[in-house]
>>> print(open('final-v1.txt').read())   # compact mmCIF, C-alpha atoms
# COMPACT_ATOMS: atom_id res chain seq x y z
CA MET A 1 100.07 -44.89 32.71
CA THR A 2 98.12 -47.97 31.66
CA ALA A 3 94.42 -48.24 32.40
CA PRO A 4 93.55 -50.50 35.33
CA THR A 5 92.30 -53.97 34.40
CA ASP A 6 88.76 -55.11 35.15
CA ARG A 7 90.22 -57.31 37.88
CA ASP A 8 91.86 -54.32 39.58
CA LEU A 9 88.66 -52.31 39.40
CA ILE A 10 86.58 -55.20 40.80
CA LEU A 11 88.98 -55.73 43.70
CA ARG A 12 88.85 -52.03 44.52
CA ALA A 13 85.06 -51.95 44.15
CA ARG A 14 84.79 -54.81 46.64
CA ARG A 15 86.41 -52.53 49.20
CA GLY A 16 83.75 -49.88 48.51
CA ASP A 17 85.76 -47.78 46.02
CA ALA A 18 83.02 -45.85 44.23
CA GLU A 19 85.36 -44.37 41.62
CA ALA A 20 86.57 -47.85 40.60
CA TYR A 21 83.08 -49.23 40.25
CA GLY A 22 81.96 -46.14 38.34
CA GLU A 23 84.84 -46.71 35.92
CA LEU A 24 83.80 -50.36 35.49
CA VAL A 25 80.22 -49.24 34.80
CA THR A 26 81.38 -46.73 32.20
CA ARG A 27 83.42 -49.48 30.57
CA TYR A 28 80.45 -51.86 30.21
CA GLN A 29 77.50 -49.48 29.98
CA THR A 30 77.06 -49.69 26.19
CA SER A 31 77.08 -53.47 26.22
CA ILE A 32 74.63 -53.65 29.14
CA PHE A 33 72.38 -50.94 27.78
CA ASN A 34 72.14 -52.85 24.50
CA VAL A 35 71.16 -56.06 26.30
CA CYS A 36 68.30 -54.14 27.92
CA TYR A 37 67.41 -52.26 24.76
CA ARG A 38 67.17 -55.44 22.67
CA ILE A 39 64.85 -56.98 25.24
CA LEU A 40 62.74 -53.89 26.01
CA HIS A 41 63.05 -51.72 22.90
CA GLU A 42 62.49 -48.55 24.89
CA ARG A 43 65.46 -46.25 25.53
CA GLY A 44 64.54 -44.69 28.84
CA GLU A 45 63.42 -47.99 30.32
CA ALA A 46 66.52 -49.75 28.99
CA GLU A 47 68.82 -47.15 30.56
CA ASP A 48 67.03 -47.41 33.89
CA LEU A 49 67.29 -51.19 33.85
CA ALA A 50 70.93 -51.04 32.80
CA GLN A 51 71.55 -48.85 35.85
CA GLU A 52 69.55 -51.27 37.98
CA SER A 53 71.67 -54.15 36.62
CA PHE A 54 74.87 -52.43 37.75
CA ILE A 55 73.42 -51.82 41.22
CA ARG A 56 72.29 -55.46 41.45
CA ALA A 57 75.70 -56.63 40.24
CA TYR A 58 77.45 -54.55 42.90
CA ASP A 59 75.39 -56.19 45.64
CA ARG A 60 76.55 -59.60 44.37
CA ILE A 61 80.09 -58.68 43.40
CA ASN A 62 81.52 -60.87 46.16
CA THR A 63 79.99 -63.92 44.51
CA PHE A 64 81.64 -63.11 41.16
CA ASP A 65 84.57 -65.41 40.35
CA ILE A 66 87.46 -62.99 39.85
CA GLU A 67 89.21 -65.46 37.52
CA ARG A 68 86.40 -65.17 34.97
CA GLU A 69 85.52 -62.36 32.58
CA PHE A 70 83.28 -59.65 33.95
CA GLY A 71 81.43 -58.93 30.68
CA PRO A 72 79.53 -62.22 30.27
CA TRP A 73 78.61 -62.21 33.97
CA ILE A 74 77.20 -58.67 34.01
CA ARG A 75 75.35 -59.29 30.73
CA ARG A 76 73.61 -62.29 32.28
CA VAL A 77 72.72 -60.20 35.34
CA ALA A 78 71.19 -57.60 33.00
CA ALA A 79 69.21 -60.23 31.09
CA ASN A 80 67.76 -61.52 34.37
CA VAL A 81 66.94 -58.01 35.57
CA CYS A 82 65.04 -57.42 32.32
CA LEU A 83 63.20 -60.73 32.61
CA ASN A 84 62.15 -59.94 36.19
CA HIS A 85 61.01 -56.52 35.05
CA LEU A 86 58.96 -57.91 32.17
CA GLU A 87 57.39 -60.59 34.34
CA SER A 88 56.41 -58.02 36.95
CA GLN A 89 54.63 -55.92 34.31
CA PRO A 90 50.99 -56.45 33.38
CA LYS A 91 50.56 -58.56 30.26
CA SER A 92 52.39 -56.58 27.59
CA VAL A 93 50.36 -55.23 24.75
CA GLU A 94 51.47 -55.45 21.14
CA LEU A 95 54.04 -52.74 20.60
CA ASN A 96 53.02 -49.93 18.35
CA ASP A 97 55.27 -48.60 15.66
CA GLU A 98 55.81 -45.30 17.47
CA ARG A 99 57.84 -46.94 20.20
CA ASP A 100 61.38 -45.67 19.87
CA ALA A 101 61.02 -44.87 16.21
CA GLY A 102 64.34 -43.03 16.35
CA GLU A 103 65.55 -40.04 14.40
CA SER A 104 64.23 -39.35 10.94
CA GLN A 105 66.84 -36.88 9.58
CA ARG A 106 69.24 -39.42 8.04
CA PRO A 107 70.66 -40.10 4.59
CA GLU A 108 68.60 -42.60 2.60
CA ALA A 109 70.97 -45.60 2.76
CA VAL A 110 71.54 -45.18 6.48
CA MET A 111 67.82 -44.76 6.96
CA GLU A 112 67.20 -48.05 5.17
CA VAL A 113 69.60 -49.95 7.44
CA HIS A 114 68.19 -48.15 10.45
CA GLU A 115 64.63 -49.01 9.48
CA ARG A 116 65.55 -52.63 8.96
CA SER A 117 67.15 -52.73 12.44
CA GLU A 118 64.11 -51.06 13.94
CA HIS A 119 61.88 -53.58 12.20
CA ILE A 120 63.87 -56.45 13.74
CA ARG A 121 63.89 -54.75 17.14
CA ARG A 122 60.12 -54.31 17.03
CA ALA A 123 59.69 -57.95 16.07
CA LEU A 124 61.95 -58.99 18.95
CA ALA A 125 60.14 -56.78 21.44
CA SER A 126 56.78 -58.24 20.46
CA LEU A 127 57.80 -61.75 21.57
CA PRO A 128 56.81 -63.15 24.97
CA PRO A 129 59.42 -62.32 27.67
CA GLN A 130 60.88 -65.85 27.93
CA TYR A 131 61.27 -66.01 24.14
CA ARG A 132 63.11 -62.67 24.12
CA LEU A 133 65.41 -63.95 26.82
CA VAL A 134 66.40 -67.15 25.04
CA ILE A 135 67.06 -65.20 21.84
CA GLU A 136 69.22 -62.74 23.79
CA LEU A 137 71.16 -65.46 25.60
CA ARG A 138 71.65 -67.64 22.52
CA HIS A 139 72.29 -65.11 19.74
CA TYR A 140 73.91 -62.20 21.55
CA GLN A 141 75.51 -63.80 24.59
CA GLU A 142 76.28 -67.09 22.79
CA LEU A 143 75.28 -69.39 25.63
CA SER A 144 74.74 -73.10 24.96
CA TYR A 145 71.34 -74.74 25.51
CA ASP A 146 72.59 -76.17 28.83
CA GLU A 147 73.88 -72.80 30.00
CA ILE A 148 70.58 -71.11 29.12
CA ALA A 149 68.68 -73.80 31.03
CA GLY A 150 70.90 -73.17 34.05
CA GLU A 151 70.61 -69.41 33.78
CA LEU A 152 66.82 -69.32 33.47
CA ASP A 153 66.32 -72.35 35.71
CA ILE A 154 64.14 -74.11 33.17
CA PRO A 155 64.41 -77.62 31.63
CA LEU A 156 66.50 -78.14 28.50
CA SER A 157 63.37 -79.12 26.56
CA ASP A 158 61.83 -75.71 27.39
CA VAL A 159 64.95 -73.92 26.19
CA LYS A 160 64.66 -75.67 22.83
CA SER A 161 60.94 -75.14 22.44
CA HIS A 162 61.16 -71.45 23.46
CA LEU A 163 64.09 -70.83 21.13
CA PHE A 164 62.66 -72.61 18.10
CA ARG A 165 59.22 -71.03 18.52
CA ALA A 166 60.79 -67.62 19.07
CA ARG A 167 62.70 -67.93 15.80
CA LYS A 168 59.59 -69.07 13.96
CA LEU A 169 57.61 -66.11 15.27
CA LEU A 170 60.47 -63.73 14.50
CA ALA A 171 60.73 -65.00 10.93
CA GLU A 172 56.99 -64.49 10.46
CA LYS A 173 57.06 -60.98 11.90
CA ILE A 174 60.23 -59.86 10.15
CA HIS A 175 59.14 -61.11 6.75
CA ALA A 176 55.46 -60.26 7.08
CA SER A 177 55.98 -56.85 5.46
CA ASP A 178 58.66 -57.95 2.96
CA MET B 1 62.25 -88.17 4.85
CA HIS B 2 63.14 -84.50 5.43
CA LEU B 3 64.96 -82.98 8.40
CA THR B 4 62.78 -81.56 11.13
CA GLU B 5 62.82 -77.89 12.18
CA ASP B 6 64.38 -78.96 15.48
CA GLN B 7 67.23 -80.73 13.69
CA LEU B 8 67.91 -77.68 11.51
CA ASN B 9 67.90 -75.37 14.54
CA GLU B 10 70.16 -77.65 16.56
CA TYR B 11 72.50 -78.03 13.59
CA LEU B 12 72.96 -74.27 13.23
CA ASP B 13 73.33 -73.92 17.00
CA ASN B 14 76.10 -76.58 17.00
CA GLU B 15 74.05 -78.56 19.48
CA ILE B 16 73.55 -81.73 17.44
CA ALA B 17 75.69 -84.82 17.98
CA ASP B 18 75.65 -86.39 14.54
CA ARG B 19 76.52 -83.48 12.25
CA ALA B 20 77.88 -85.77 9.53
CA GLN B 21 74.49 -87.45 9.09
CA ILE B 22 72.74 -84.06 8.78
CA GLU B 23 75.34 -82.81 6.31
CA SER B 24 75.02 -85.94 4.26
CA HIS B 25 71.27 -85.41 4.00
CA LEU B 26 71.65 -81.71 3.21
CA SER B 27 74.01 -82.46 0.34
CA SER B 28 71.39 -84.61 -1.35
CA CYS B 29 68.16 -82.78 -0.44
CA GLU B 30 67.57 -79.41 -2.05
CA GLU B 31 64.43 -78.72 -0.04
CA CYS B 32 66.17 -79.14 3.33
CA ALA B 33 69.20 -77.17 2.11
CA ALA B 34 66.87 -74.32 1.13
CA ARG B 35 65.13 -74.42 4.54
CA LEU B 36 68.54 -74.33 6.22
CA ALA B 37 69.56 -71.30 4.14
CA ILE B 38 66.39 -69.43 5.19
CA LEU B 39 67.06 -70.21 8.84
CA ARG B 40 70.71 -69.16 8.49
CA ASN B 41 69.54 -65.91 6.96
CA LEU B 42 67.27 -65.33 9.97
CA PHE B 43 70.24 -65.91 12.30
CA ALA B 44 72.22 -63.31 10.36
CA GLU B 45 69.36 -60.80 10.55
CA ILE B 46 68.94 -61.28 14.29
CA GLU B 47 72.66 -60.87 14.87
CA SER B 48 72.96 -57.88 12.55
CA LEU B 49 71.52 -55.44 15.07
CA PRO B 50 74.07 -52.69 15.67
CA ASP B 51 74.90 -51.49 19.16
CA VAL B 52 73.17 -48.25 20.14
CA ALA B 53 74.99 -45.60 22.16
CA VAL B 54 73.75 -44.89 25.66
CA SER B 55 72.58 -41.30 26.13
CA ARG B 56 74.06 -40.69 29.62
CA ASP B 57 77.03 -41.95 31.60
CA LEU B 58 75.64 -44.66 33.85
CA GLY B 59 78.90 -44.68 35.80
CA SER B 60 78.66 -41.08 36.99
CA PRO B 61 76.11 -41.72 39.80
CA PHE B 62 78.67 -44.13 41.27
CA LYS B 63 81.66 -41.86 40.71
CA GLN B 64 79.90 -38.97 42.45
CA GLN B 65 79.73 -40.92 45.71
CA SER B 66 82.66 -40.80 48.12
CA SER B 67 82.41 -44.54 48.79
CA LEU B 68 80.03 -47.44 48.35
CA PRO B 69 78.78 -49.73 51.12
CA VAL B 70 81.11 -52.75 51.20
CA PRO B 71 79.09 -55.67 49.79
CA GLN B 72 78.64 -58.55 52.21
CA LEU B 73 78.87 -62.27 51.61
CA PRO B 74 75.51 -63.99 51.21
CA GLY B 75 74.02 -64.52 54.69
CA TRP B 76 73.41 -68.23 54.20
CA LEU B 77 77.08 -68.87 53.40
CA THR B 78 78.39 -67.06 56.44
CA LEU B 79 75.80 -68.70 58.70
CA THR B 80 76.43 -72.24 57.41
CA ALA B 81 80.20 -71.93 57.68
CA THR B 82 79.97 -70.47 61.19
CA LEU B 83 77.60 -73.20 62.38
CA GLN B 84 79.81 -75.92 60.92
CA ALA B 85 82.93 -74.50 62.52
CA ALA B 86 81.17 -74.10 65.89
CA LEU B 87 79.85 -77.68 65.78
CA ALA B 88 83.29 -79.05 64.89
CA ALA B 89 84.90 -77.04 67.70
CA ILE B 90 82.38 -78.46 70.20
CA VAL B 91 83.16 -82.03 69.05
CA LEU B 92 86.89 -81.36 69.37
CA VAL B 93 86.61 -79.90 72.86
CA SER B 94 84.28 -82.69 74.02
CA ALA B 95 86.58 -85.39 72.69
CA ALA B 96 89.80 -83.89 74.08
CA PRO B 97 89.65 -85.44 77.61
CA LEU B 98 88.87 -88.86 76.18
CA VAL B 99 91.71 -88.60 73.68
CA ILE B 100 94.17 -87.63 76.42
CA GLN B 101 92.92 -90.51 78.61
CA LEU B 102 93.33 -93.03 75.80
CA ILE B 103 96.72 -91.82 74.63
CA THR B 104 98.41 -91.38 78.03
CA PRO B 105 99.11 -95.11 78.77
CA TYR B 106 100.60 -95.59 75.31
CA VAL B 107 102.76 -92.51 75.53
CA SER B 108 104.07 -93.35 79.00
CA SER B 109 104.84 -96.97 78.07
CA VAL B 110 106.78 -96.02 74.97
CA GLN B 111 110.46 -96.93 75.33
CA ILE B 112 112.97 -95.39 72.99
CA PRO B 113 115.22 -98.18 71.63
CA SER B 114 118.95 -97.73 71.47
CA PHE B 115 120.77 -97.36 68.13
CA ALA B 116 122.25 -100.86 68.47
CA ASP B 117 118.76 -102.33 69.03
CA VAL B 118 117.47 -100.59 65.90
CA LEU B 119 120.36 -101.95 63.84
CA MET B 120 119.80 -105.45 65.14
CA GLN B 121 116.09 -105.25 64.41
CA LEU B 122 116.78 -104.03 60.88
CA GLN B 123 119.25 -106.87 60.32
CA SER B 124 116.84 -109.53 61.55
CA GLN B 125 114.04 -108.02 59.46
CA TRP B 126 116.27 -108.10 56.38
CA THR B 127 117.13 -111.75 57.02
CA ALA B 128 113.46 -112.59 57.47
CA TRP B 129 112.62 -110.93 54.12
CA LEU B 130 115.41 -112.84 52.36
CA ASP B 131 114.10 -116.12 53.84
CA LEU B 132 110.63 -115.23 52.69
CA PHE B 133 111.75 -114.48 49.13
CA SER B 134 113.79 -117.68 48.91
CA GLN B 135 110.72 -119.70 49.83
CA LEU B 136 108.37 -117.81 47.59
CA GLN B 137 106.86 -120.07 44.90
CA ILE B 138 103.26 -119.21 44.39
CA LEU B 139 101.71 -115.92 45.24
CA ALA B 140 99.34 -116.50 48.05
CA VAL B 141 96.13 -114.55 48.21
CA PRO B 142 96.59 -112.15 51.09
CA GLU B 143 94.04 -112.23 53.81
CA ILE B 144 91.91 -109.15 54.13
CA PRO B 145 92.54 -107.75 57.58
CA VAL B 146 89.46 -107.33 59.73
CA ILE B 147 89.38 -103.89 61.24
CA GLU B 148 88.02 -103.84 64.74
CA LEU B 149 86.81 -100.43 65.70
CA SER B 150 87.91 -99.57 69.16
CA SER B 151 86.59 -96.55 71.03
CA MET B 152 89.96 -94.91 70.43
CA ALA B 153 89.70 -95.37 66.69
CA ILE B 154 86.24 -93.85 66.71
CA VAL B 155 87.42 -90.88 68.75
CA LEU B 156 90.45 -90.37 66.53
CA THR B 157 88.23 -90.55 63.43
CA LEU B 158 85.90 -87.98 64.94
CA VAL B 159 88.77 -85.68 65.80
CA GLY B 160 90.28 -86.11 62.33
CA VAL B 161 87.01 -85.40 60.55
CA SER B 162 86.34 -82.38 62.74
CA THR B 163 89.83 -81.00 62.11
CA LEU B 164 89.43 -81.44 58.36
CA TRP B 165 86.02 -79.78 58.58
CA ILE B 166 87.45 -76.78 60.38
CA ILE B 167 90.35 -76.54 57.92
CA GLY B 168 87.90 -76.78 55.00
CA ASN B 169 85.72 -74.01 56.37
CA GLY B 170 88.76 -71.91 57.12
CA LEU B 171 89.98 -72.27 53.54
CA LEU B 172 86.52 -71.43 52.21
CA LEU B 173 86.28 -68.27 54.29
CA ARG B 174 89.88 -67.31 53.55
CA ASN B 175 89.17 -67.67 49.84
CA GLN B 176 86.09 -65.46 50.18
CA ASN B 177 88.11 -62.90 52.11
CA ASN B 178 90.89 -62.96 49.52
CA THR B 179 88.43 -62.36 46.70
CA SER B 180 86.82 -59.50 48.57
CA HIS B 181 90.10 -57.75 49.30
>>> encode(input="final-v1.txt", output="C-alpha cells")
Amino acid sequence: MTAPTDRDLILRARRGDAEAYGELVTRYQTSIFNVCYRILHERGEAEDLAQESFIRAYDRINTFDIEREFGPWIRRVAANVCLNHLESQPKSVELNDERDAGESQRPEAVMEVHERSEHIRRALASLPPQYRLVIELRHYQELSYDEIAGELDIPLSDVKSHLFRARKLLAEKIHASD
Amino acid sequence: MHLTEDQLNEYLDNEIADRAQIESHLSSCEECAARLAILRNLFAEIESLPDVAVSRDLGSPFKQQSSLPVPQLPGWLTLTATLQAALAAIVLVSAAPLVIQLITPYVSSVQIPSFADVLMQLQSQWTAWLDLFSQLQILAVPEIPVIELSSMAIVLTLVGVSTLWIIGNGLLLRNQNNTSH
C-alpha cells in the first residue's frame, strides 16, 4: 500500500482527522524543528515552538492553498512563530557558549565539523531577531527579496538592509576566532 | 570604481537586473572578485548547517487524540460573504415587482411571426444588404450610438449585477467548502 500524499492527509485533517494530521506532523517535524533551532539555538525551546507551529498551522489549514506544497508554507509559519516568540521576549542577552553545546564524545573529525556548525549557529543566534529571520528566509527557505518583504510585512529596502547587515555581522562573528 | 557591498549581495542573491555589467567588472577587477569570493564563502558556510534530529515525535500528541476540532474559515471571510449575499438578495427581491411591471407590456405585446413572414423578412434583409454593398464606396465613420438609460435598463443592470454578485459569492464559498472537505 502506498503512503498517502500530503494532499490526502491535509484533506483528512481538515475534517478533524487527528491521525492524518499527526502523520503530516511526523513527516515535517525535522524540517520545522530545524527552522526553529536555527533561529533559537536552544533544543527544548525549538521543539516547543515547532509544536506550536503545527498547532498554529492546523488552525489556519483552511486558508492553505491545497494546490501548493505544504513544506514551504509550514516553514514560513514556523519562522513567523519564532519571530513572534523572540519579539515577545525581553531584550535577548548575548548567548553564552554553554547554550546547546551538544555532545562531546565524538571522533575528532566529526567533532571539528560539529564545532564549526555550533560556531555558526551561535553566531546566527546572536543576531537581532529580524536579522535571523531574513537569513532563515533567504538562505534556508530560498525566498526572494519581494517574498521576504511580503512575509515579514516590511519594505523591500528593509529586507535588503537587514540581510546585508546580518551577513556582515555573521562574517565578523564567524571569523572573529579564526 | 569598485562594486558596492549591496551590488555584490544582490548579485549572489540573483536579485540584480544587469548581471552582465557586474560580471564584466568582476572579470577585470581582482579586488572585487576577491570580495565576491569571500561573500560566496560566507553563503556556503551559512548553508552548510546540517539538519539536527528532533528528540521526540511531535506528531504523537495529535495521533493520541480521537479527533481534532474542525478548523473554521476566518470569521471576516464568512461575515463579508454572508453580508454581500444578503444585500444582493434584498436588492433582487426589492427590484422584482418593478421588473415584472416593466416587462409585462412587452411580453404581452409580443407576436410570434409565422414561418413565411420570417422567410420574407430574411429575403428583404438580404436584398437590402446586397444594395448596401453595391453602393459602398468609402467607408463612412459610424456614428456612436447614444445610450439613453431608462428606468428599465437601470433595474436590469441592478438585477444583473446582484445576480453576478450572488454567483460570485456562491463560487467563493463553494471553493472554500471544497478545499475543506
>>> interface_residues(input="final-v1.txt", of="chain B", to="chain A", cutoff="10 Å", atoms="only C-alpha atoms", output="VMD selection string")
chain B and resid 5 to 6 8 to 10 13 to 15 38 to 39 41 to 74 176 to 181
>>> atom_distance(input="final-v1.txt", atom1="CA of Met152 (chain B)", atom2="CA of Asn169 (chain B)")
25.5 Å
>>> atom_distance(input="final-v1.txt", atom1="CA of Ile167 (chain B)", atom2="CA of Ala88 (chain B)")
10.2 Å
>>> atom_distance(input="final-v1.txt", atom1="CA of Phe70 (chain A)", atom2="CA of Asp8 (chain A)")
11.6 Å
>>> residues_around(input="final-v1.txt", residues="Glu147 (chain A)", least_positions_apart="5", cutoff="10 Å", atoms="only C-alpha atoms", output="JSON, numbers by chain")
{"A": [137, 138, 142, 152, 153, 156, 159]}
>>> closest_residue(input="final-v1.txt", among="A:Glu45, A:Glu172, A:Ile39, A:Arg76", to="Gly150 (chain A)", atoms="only C-alpha atoms")
A:Arg76
>>> closest_residue(input="final-v1.txt", among="B:Met120, B:Leu79, B:Leu102, B:Gly168", to="Ser150 (chain B)", atoms="all atoms listed in the file")
B:Leu102
